Amino acid sequence: MLVVLLKREGYEATAVASGEQALAELEQHPYDVVLSDIRMPKLGGLELVDEIRKRKIQTTIILMSAFGNIDVAIEAMKRGAYDYVSKPFRPDEVVLVLKKAEERERLFRENAALKQQLAKASQSGERGLSSMIARGPRMQEIFRTIKKIAEYKTTVLITGESGTGKELVARAVHEQSPRVNGPFVAVNCGAIPETLLESELFGHKKGSFTDAIRDKKGLFEEANGGTLFLDEIGEMPLGPQVKLLRVLQEHVVRPIGAVEDQKVDVRLVAATVRDLPTEVREGRFREDLFYRLNVITIQLPPLRDRREDIPLLVEHFLGRTNLKLGTSIDGASAETMKFLMDYRWPGNVRELENTIERAMVLCDGKRIEADGLPEKLRESRDRVRLSLQSGELSIKKTTRIIEEELIRKALRETRGNRTNASKILEISHRALLYKIKEYLIDDL
Ligand SMILES: Nc1ncnc2c1ncn2[C@@H]1O[C@H](COP(=O)(O)OP(=O)(O)OP(=O)(O)O)[C@@H](O)[C@H]1O
Ligand SMILES: [Mg+2]
């Protein structure tokens, strides 16, 4: 009767005749919930709870207890059962308990995911650097630099390709500094037209130009007591550069149309993807400003030069995106991981982040799979080319890469049929199996 009822409610249900059979079934298949009587011949409900726990079977146990058995039911809950319903019960009572258990499971999973996130965040660094993930020595060195310089007011210049984490570093500098309770103001110098940039940065007085209908505070003033982050400073036109230089030299700003200077206490952090020395040489960036900015430079390496960080970053983005999407994807297949490790990542960490999210949306299992990756990542040419360009001269190493790629390609073409693949590859079936194992080709 219960099975009929549960099926009508949309559950999949299996009935067994005894506690022993329940255990055997649980060993074979995963079940979300076990609904069990208490009084049963041989293995009773209480013992069943104990056995399930002992065998570390993950499931929620709900007991059905006849009147007079409530004490046993409570004892069972002490030993790990989730709840009980007393007999006789109405159908909706059972459904209600099941719904409650489902809700608990969901919260439980969510909670576990959050805890994992937290643990990871705190494990990866101290306060302020916590949102940045890095394992490799180059990023560790950068963390140390940030901590060392944060307490001073010195200007910091951050350089690095697009998506390497320049803005994160700028924030970390602010968060590690004594100014942490002051404002952090970010401005993208490349996104504001030249005519507006000066008034944005330094402010203006009412009537100083046609559109100046009231006094406007500049960003320097907004950032007073805190940090001003000048993003894409390489895009700043020469006009504003002159004014910026003056602020850096004299620690005062003068709003457009004002007659007096204002003192400001601002720590400047600037970032650019451009190579400023080149910009200086070609007359697009003032040399004197460059020297003012270039007191401490943090150079963020491109992701392809710190591949050792990729696995940790993948894990980080999986966790974060799980929370965002409400999914519980907990890893990447070995093949996917290989593609991620081998790709050149021109868009660096940001591109990796987007790639993971895309793969997660396309994934319908527990792990992200290679077919959720964009075509360009799966192009194996990259690996072969990479190896040829790397200056590697070992025939042995390079041959292995080519061999692995050929095997993957053959398996893809034959949709995983190893007999056919071995024929195309002109090697024996046994040799193929051996190599599949050797190269960890576990999934296609
Ligand atoms: N070490 C890291 N750990 C975790 N997330 C990172 C890391 N580095 C970068 N990211 C993430 O990658 C993305 C790009 O980072 P950020 O915006 O700081 O890069 P950027 O260098 O300023 O890029 P752009 O030059 O394109 O503005 C962000 O979503 C950021 O959270
Ligand atoms: Mg940026």
# chains A, B, ... in the order shown; residues from 1 in each chain; ligands from 1
$ residues_around --residues "Ala410 of chain A" --least-positions-apart "2" --cutoff "12 Å" --atoms "only C-alpha atoms" --output "PyMOL selection string"
chain A and resi 403-408+412-427+432+436+441+444
$ write_last_selection --atoms "C-alpha atoms" --output "PDB file, in the first residue's frame"
ATOM      1  CA  GLU A 403      51.002   9.473 -29.197  1.00  0.00           C
ATOM      2  CA  GLU A 404      48.488  10.387 -26.529  1.00  0.00           C
ATOM      3  CA  GLU A 405      46.778  12.889 -28.808  1.00  0.00           C
ATOM      4  CA  LEU A 406      46.518  10.348 -31.627  1.00  0.00           C
ATOM      5  CA  ILE A 407      44.951   7.822 -29.265  1.00  0.00           C
ATOM      6  CA  ARG A 408      42.443  10.344 -27.995  1.00  0.00           C
ATOM      7  CA  ARG A 412      36.827  10.038 -30.321  1.00  0.00           C
ATOM      8  CA  GLU A 413      36.448   9.070 -33.948  1.00  0.00           C
ATOM      9  CA  THR A 414      35.403   5.535 -33.083  1.00  0.00           C
ATOM     10  CA  ARG A 415      33.226   6.738 -30.219  1.00  0.00           C
ATOM     11  CA  GLY A 416      35.321   4.852 -27.746  1.00  0.00           C
ATOM     12  CA  ASN A 417      35.403   1.575 -29.666  1.00  0.00           C
ATOM     13  CA  ARG A 418      38.825   0.284 -28.731  1.00  0.00           C
ATOM     14  CA  THR A 419      38.996  -2.491 -31.280  1.00  0.00           C
ATOM     15  CA  ASN A 420      38.362  -0.095 -34.146  1.00  0.00           C
ATOM     16  CA  ALA A 421      40.618   2.526 -32.623  1.00  0.00           C
ATOM     17  CA  SER A 422      43.505   0.088 -32.382  1.00  0.00           C
ATOM     18  CA  LYS A 423      43.041  -0.731 -36.075  1.00  0.00           C
ATOM     19  CA  ILE A 424      43.204   2.926 -37.137  1.00  0.00           C
ATOM     20  CA  LEU A 425      46.186   3.474 -34.904  1.00  0.00           C
ATOM     21  CA  GLU A 426      47.846   0.373 -36.298  1.00  0.00           C
ATOM     22  CA  ILE A 427      48.724  -1.004 -32.896  1.00  0.00           C
ATOM     23  CA  LEU A 432      46.078   0.281 -26.867  1.00  0.00           C
ATOM     24  CA  ILE A 436      44.906   4.102 -22.313  1.00  0.00           C
ATOM     25  CA  ILE A 441      42.415   8.300 -20.766  1.00  0.00           C
ATOM     26  CA  LEU A 444      35.813  10.447 -23.908  1.00  0.00           C
TER      27      LEU A 444
END
$ select_by_dssp --residues "segment 73-286 of chain A" --states "strand (DSSP E or B)" --output "ChimeraX atom specification"
/A:83-87,156-159,184-188,203-204,216-217,227-231,252-253,256,262-263,267-272
$ closest_atom_pairs --of "chain A" --to "ligand 1" --cutoff "9 Å" --atoms "only C-alpha atoms and all ligand atoms" --output "tab-separated table"
residue	atom	partner	partner_atom_place_in_ligand_line	distance
A:Ser130	CA	ligand 1	3 (N)	8.6
A:Ser131	CA	ligand 1	4 (C)	5.9
A:Met132	CA	ligand 1	3 (N)	3.6
A:Ile133	CA	ligand 1	3 (N)	3.7
A:Ala134	CA	ligand 1	1 (N)	5.4
A:Met139	CA	ligand 1	1 (N)	7.8
A:Ile158	CA	ligand 1	21 (O)	8.7
A:Thr159	CA	ligand 1	21 (O)	7.9
A:Gly160	CA	ligand 1	21 (O)	6.3
A:Glu161	CA	ligand 1	25 (O)	6.0
A:Ser162	CA	ligand 1	25 (O)	3.4
A:Gly163	CA	ligand 1	23 (O)	3.4
A:Thr164	CA	ligand 1	21 (O)	4.1
A:Gly165	CA	ligand 1	18 (O)	3.1
A:Lys166	CA	ligand 1	21 (O)	3.6
A:Glu167	CA	ligand 1	18 (O)	3.6
A:Leu168	CA	ligand 1	18 (O)	4.2
A:Val169	CA	ligand 1	18 (O)	6.8
A:Ala170	CA	ligand 1	18 (O)	8.0
A:Arg171	CA	ligand 1	18 (O)	8.8
A:Asn188	CA	ligand 1	27 (O)	8.9
A:Asp231	CA	ligand 1	27 (O)	7.5
A:Glu232	CA	ligand 1	25 (O)	7.5
A:Ala271	CA	ligand 1	22 (O)	7.7
A:Thr272	CA	ligand 1	25 (O)	6.9
A:Val273	CA	ligand 1	25 (O)	5.9
A:Leu300	CA	ligand 1	21 (O)	8.1
A:Leu303	CA	ligand 1	8 (N)	9.0
A:Asp309	CA	ligand 1	1 (N)	8.2
A:Leu312	CA	ligand 1	3 (N)	8.8
A:Leu313	CA	ligand 1	4 (C)	6.3
A:His316	CA	ligand 1	4 (C)	7.2
A:Phe317	CA	ligand 1	5 (N)	7.8
A:Gly347	CA	ligand 1	26 (O)	7.7
A:Asn348	CA	ligand 1	12 (O)	7.6
A:Val349	CA	ligand 1	12 (O)	4.6
A:Arg350	CA	ligand 1	12 (O)	3.9
A:Glu351	CA	ligand 1	12 (O)	7.6
A:Leu352	CA	ligand 1	12 (O)	7.8
A:Glu353	CA	ligand 1	12 (O)	6.5
A:Asn354	CA	ligand 1	29 (O)	8.7
$ closest_residue --among "A:Gln176, A:Tyr343, A:Ile62, A:Arg367" --to "Asn322 of chain A" --atoms "only C-alpha atoms"
A:Arg367
$ closest_atom_pairs --of "segment 122-191 of chain A" --to "segment 207-230 of chain A" --cutoff "7 Å" --atoms "only C-alpha atoms" --output "JSON lines"
{"residue": "A:Ala170", "atom": "CA", "partner": "A:Phe229", "partner_atom": "CA", "distance": 6.9}
{"residue": "A:His174", "atom": "CA", "partner": "A:Thr227", "partner_atom": "CA", "distance": 6.3}
{"residue": "A:Arg179", "atom": "CA", "partner": "A:Gly226", "partner_atom": "CA", "distance": 5.2}
{"residue": "A:Gly182", "atom": "CA", "partner": "A:Gly226", "partner_atom": "CA", "distance": 4.3}
{"residue": "A:Pro183", "atom": "CA", "partner": "A:Gly226", "partner_atom": "CA", "distance": 4.7}
{"residue": "A:Phe184", "atom": "CA", "partner": "A:Thr227", "partner_atom": "CA", "distance": 4.9}
{"residue": "A:Val185", "atom": "CA", "partner": "A:Leu228", "partner_atom": "CA", "distance": 4.9}
{"residue": "A:Ala186", "atom": "CA", "partner": "A:Phe229", "partner_atom": "CA", "distance": 4.5}
{"residue": "A:Val187", "atom": "CA", "partner": "A:Leu230", "partner_atom": "CA", "distance": 5.3}
{"residue": "A:Asn188", "atom": "CA", "partner": "A:Leu230", "partner_atom": "CA", "distance": 6.2}
{"residue": "A:Cys189", "atom": "CA", "partner": "A:Leu230", "partner_atom": "CA", "distance": 6.5}
$ residues_around --residues "Tyr31 of chain A" --least-positions-apart "4" --cutoff "10 Å" --atoms "only C-alpha atoms" --output "list in words"
Glu12, Ala13, Thr14, Glu25, Leu26, Glu27, Ile57, Gln58, Thr59 and Thr60 of chain A
$ write_last_selection --atoms "N, CA and C atoms" --output "PDB file, in the first residue's frame"
ATOM      1  N   GLU A  12      10.021   7.150  -6.327  1.00  0.00           N
ATOM      2  CA  GLU A  12      10.314   5.799  -6.764  1.00  0.00           C
ATOM      3  C   GLU A  12      10.427   4.981  -5.497  1.00  0.00           C
ATOM      4  N   ALA A  13       9.710   3.895  -5.423  1.00  0.00           N
ATOM      5  CA  ALA A  13       9.718   3.133  -4.179  1.00  0.00           C
ATOM      6  C   ALA A  13       9.889   1.646  -4.447  1.00  0.00           C
ATOM      7  N   THR A  14      10.645   0.989  -3.570  1.00  0.00           N
ATOM      8  CA  THR A  14      10.829  -0.455  -3.656  1.00  0.00           C
ATOM      9  C   THR A  14      10.426  -1.048  -2.311  1.00  0.00           C
ATOM     10  N   GLU A  25      19.524  -4.801  -0.217  1.00  0.00           N
ATOM     11  CA  GLU A  25      19.118  -3.846  -1.242  1.00  0.00           C
ATOM     12  C   GLU A  25      19.923  -2.546  -1.129  1.00  0.00           C
ATOM     13  N   LEU A  26      20.105  -2.102   0.113  1.00  0.00           N
ATOM     14  CA  LEU A  26      20.841  -0.853   0.349  1.00  0.00           C
ATOM     15  C   LEU A  26      22.313  -0.969  -0.050  1.00  0.00           C
ATOM     16  N   GLU A  27      22.837  -2.183   0.058  1.00  0.00           N
ATOM     17  CA  GLU A  27      24.232  -2.390  -0.333  1.00  0.00           C
ATOM     18  C   GLU A  27      24.374  -2.309  -1.849  1.00  0.00           C
ATOM     19  N   ILE A  57      26.197   3.467   5.281  1.00  0.00           N
ATOM     20  CA  ILE A  57      25.321   3.687   4.136  1.00  0.00           C
ATOM     21  C   ILE A  57      24.630   5.031   4.327  1.00  0.00           C
ATOM     22  N   GLN A  58      24.746   5.885   3.318  1.00  0.00           N
ATOM     23  CA  GLN A  58      24.151   7.218   3.413  1.00  0.00           C
ATOM     24  C   GLN A  58      22.677   7.162   3.056  1.00  0.00           C
ATOM     25  N   THR A  59      21.823   7.339   4.060  1.00  0.00           N
ATOM     26  CA  THR A  59      20.398   7.360   3.776  1.00  0.00           C
ATOM     27  C   THR A  59      19.676   7.940   4.985  1.00  0.00           C
ATOM     28  N   THR A  60      18.445   8.379   4.761  1.00  0.00           N
ATOM     29  CA  THR A  60      17.654   8.920   5.856  1.00  0.00           C
ATOM     30  C   THR A  60      16.653   7.852   6.298  1.00  0.00           C
TER      31      THR A  60
END
$ closest_residue --among "A:Leu96, A:Ala191, A:Ala22, A:Val264" --to "ligand 2" --atoms "only C-alpha atoms and all ligand atoms"
A:Ala191
$ atom_distance --atom1 "atom CA of Leu43 of chain A" --atom2 "atom CA of Gly19 of chain A"
5.2 Å
$ residues_around --residues "segment 327-336 of chain A" --least-positions-apart "5" --cutoff "9 Å" --atoms "only C-alpha atoms" --output "PyMOL selection string"
chain A and resi 109-110+113+314-315+318-319+321-322+341+360+363-373+378+440-444
$ atom_distance --atom1 "atom CA of Arg90 of chain A" --atom2 "atom CA of Asp50 of chain A"
27.6 Å
$ select_by_dssp --residues "segment 179-348 of chain A" --states "alpha helix (DSSP H)" --output "PyMOL selection string"
chain A and resi 194-202+219-222+238-250+276-281+287-293+310-325+334-342+348
$ atom_distance --atom1 "atom CA of Tyr11 of chain A" --atom2 "atom CA of Lys42 of chain A"
28.3 Å
$ closest_residue --among "A:Ser199, A:Ser394, A:Ser18, A:Thr399" --to "Val253 of chain A" --atoms "only C-alpha atoms"
A:Ser199
$ closest_residue --among "A:Leu35, A:Ala24, A:Leu63, A:Val361" --to "Val3 of chain A" --atoms "only C-alpha atoms"
A:Leu35
$ residues_around --residues "Glu141 of chain A" --least-positions-apart "6" --cutoff "12 Å" --atoms "only C-alpha atoms" --output "PDB file with N, CA, C and O atoms, in the first residue's frame"
ATOM      1  N   ALA A 134      45.925  30.885  -4.836  1.00  0.00           N
ATOM      2  CA  ALA A 134      47.226  30.673  -5.443  1.00  0.00           C
ATOM      3  C   ALA A 134      47.990  29.646  -4.661  1.00  0.00           C
ATOM      4  O   ALA A 134      48.001  29.652  -3.439  1.00  0.00           O
ATOM      5  N   ARG A 135      48.618  28.741  -5.364  1.00  0.00           N
ATOM      6  CA  ARG A 135      49.394  27.713  -4.700  1.00  0.00           C
ATOM      7  C   ARG A 135      50.858  27.864  -5.065  1.00  0.00           C
ATOM      8  O   ARG A 135      51.737  27.724  -4.244  1.00  0.00           O
ATOM      9  N   LYS A 147      51.585  42.017   1.383  1.00  0.00           N
ATOM     10  CA  LYS A 147      51.540  42.215   2.839  1.00  0.00           C
ATOM     11  C   LYS A 147      52.628  43.162   3.311  1.00  0.00           C
ATOM     12  O   LYS A 147      52.418  43.963   4.209  1.00  0.00           O
ATOM     13  N   LYS A 148      53.782  43.036   2.659  1.00  0.00           N
ATOM     14  CA  LYS A 148      54.900  43.866   3.071  1.00  0.00           C
ATOM     15  C   LYS A 148      54.634  45.346   2.782  1.00  0.00           C
ATOM     16  O   LYS A 148      54.943  46.213   3.586  1.00  0.00           O
ATOM     17  N   ILE A 298      53.941  45.384  -9.087  1.00  0.00           N
ATOM     18  CA  ILE A 298      53.581  43.974  -8.929  1.00  0.00           C
ATOM     19  C   ILE A 298      53.238  43.448 -10.307  1.00  0.00           C
ATOM     20  O   ILE A 298      52.317  43.934 -10.946  1.00  0.00           O
ATOM     21  N   GLN A 299      54.032  42.470 -10.751  1.00  0.00           N
ATOM     22  CA  GLN A 299      53.809  41.923 -12.077  1.00  0.00           C
ATOM     23  C   GLN A 299      53.094  40.598 -11.958  1.00  0.00           C
ATOM     24  O   GLN A 299      53.651  39.625 -11.453  1.00  0.00           O
ATOM     25  N   LEU A 300      51.859  40.558 -12.430  1.00  0.00           N
ATOM     26  CA  LEU A 300      51.109  39.306 -12.335  1.00  0.00           C
ATOM     27  C   LEU A 300      51.438  38.415 -13.525  1.00  0.00           C
ATOM     28  O   LEU A 300      51.260  38.818 -14.668  1.00  0.00           O
ATOM     29  N   PRO A 301      51.918  37.212 -13.254  1.00  0.00           N
ATOM     30  CA  PRO A 301      52.255  36.319 -14.365  1.00  0.00           C
ATOM     31  C   PRO A 301      50.980  35.803 -15.044  1.00  0.00           C
ATOM     32  O   PRO A 301      49.955  35.641 -14.375  1.00  0.00           O
TER      33      PRO A 301
END
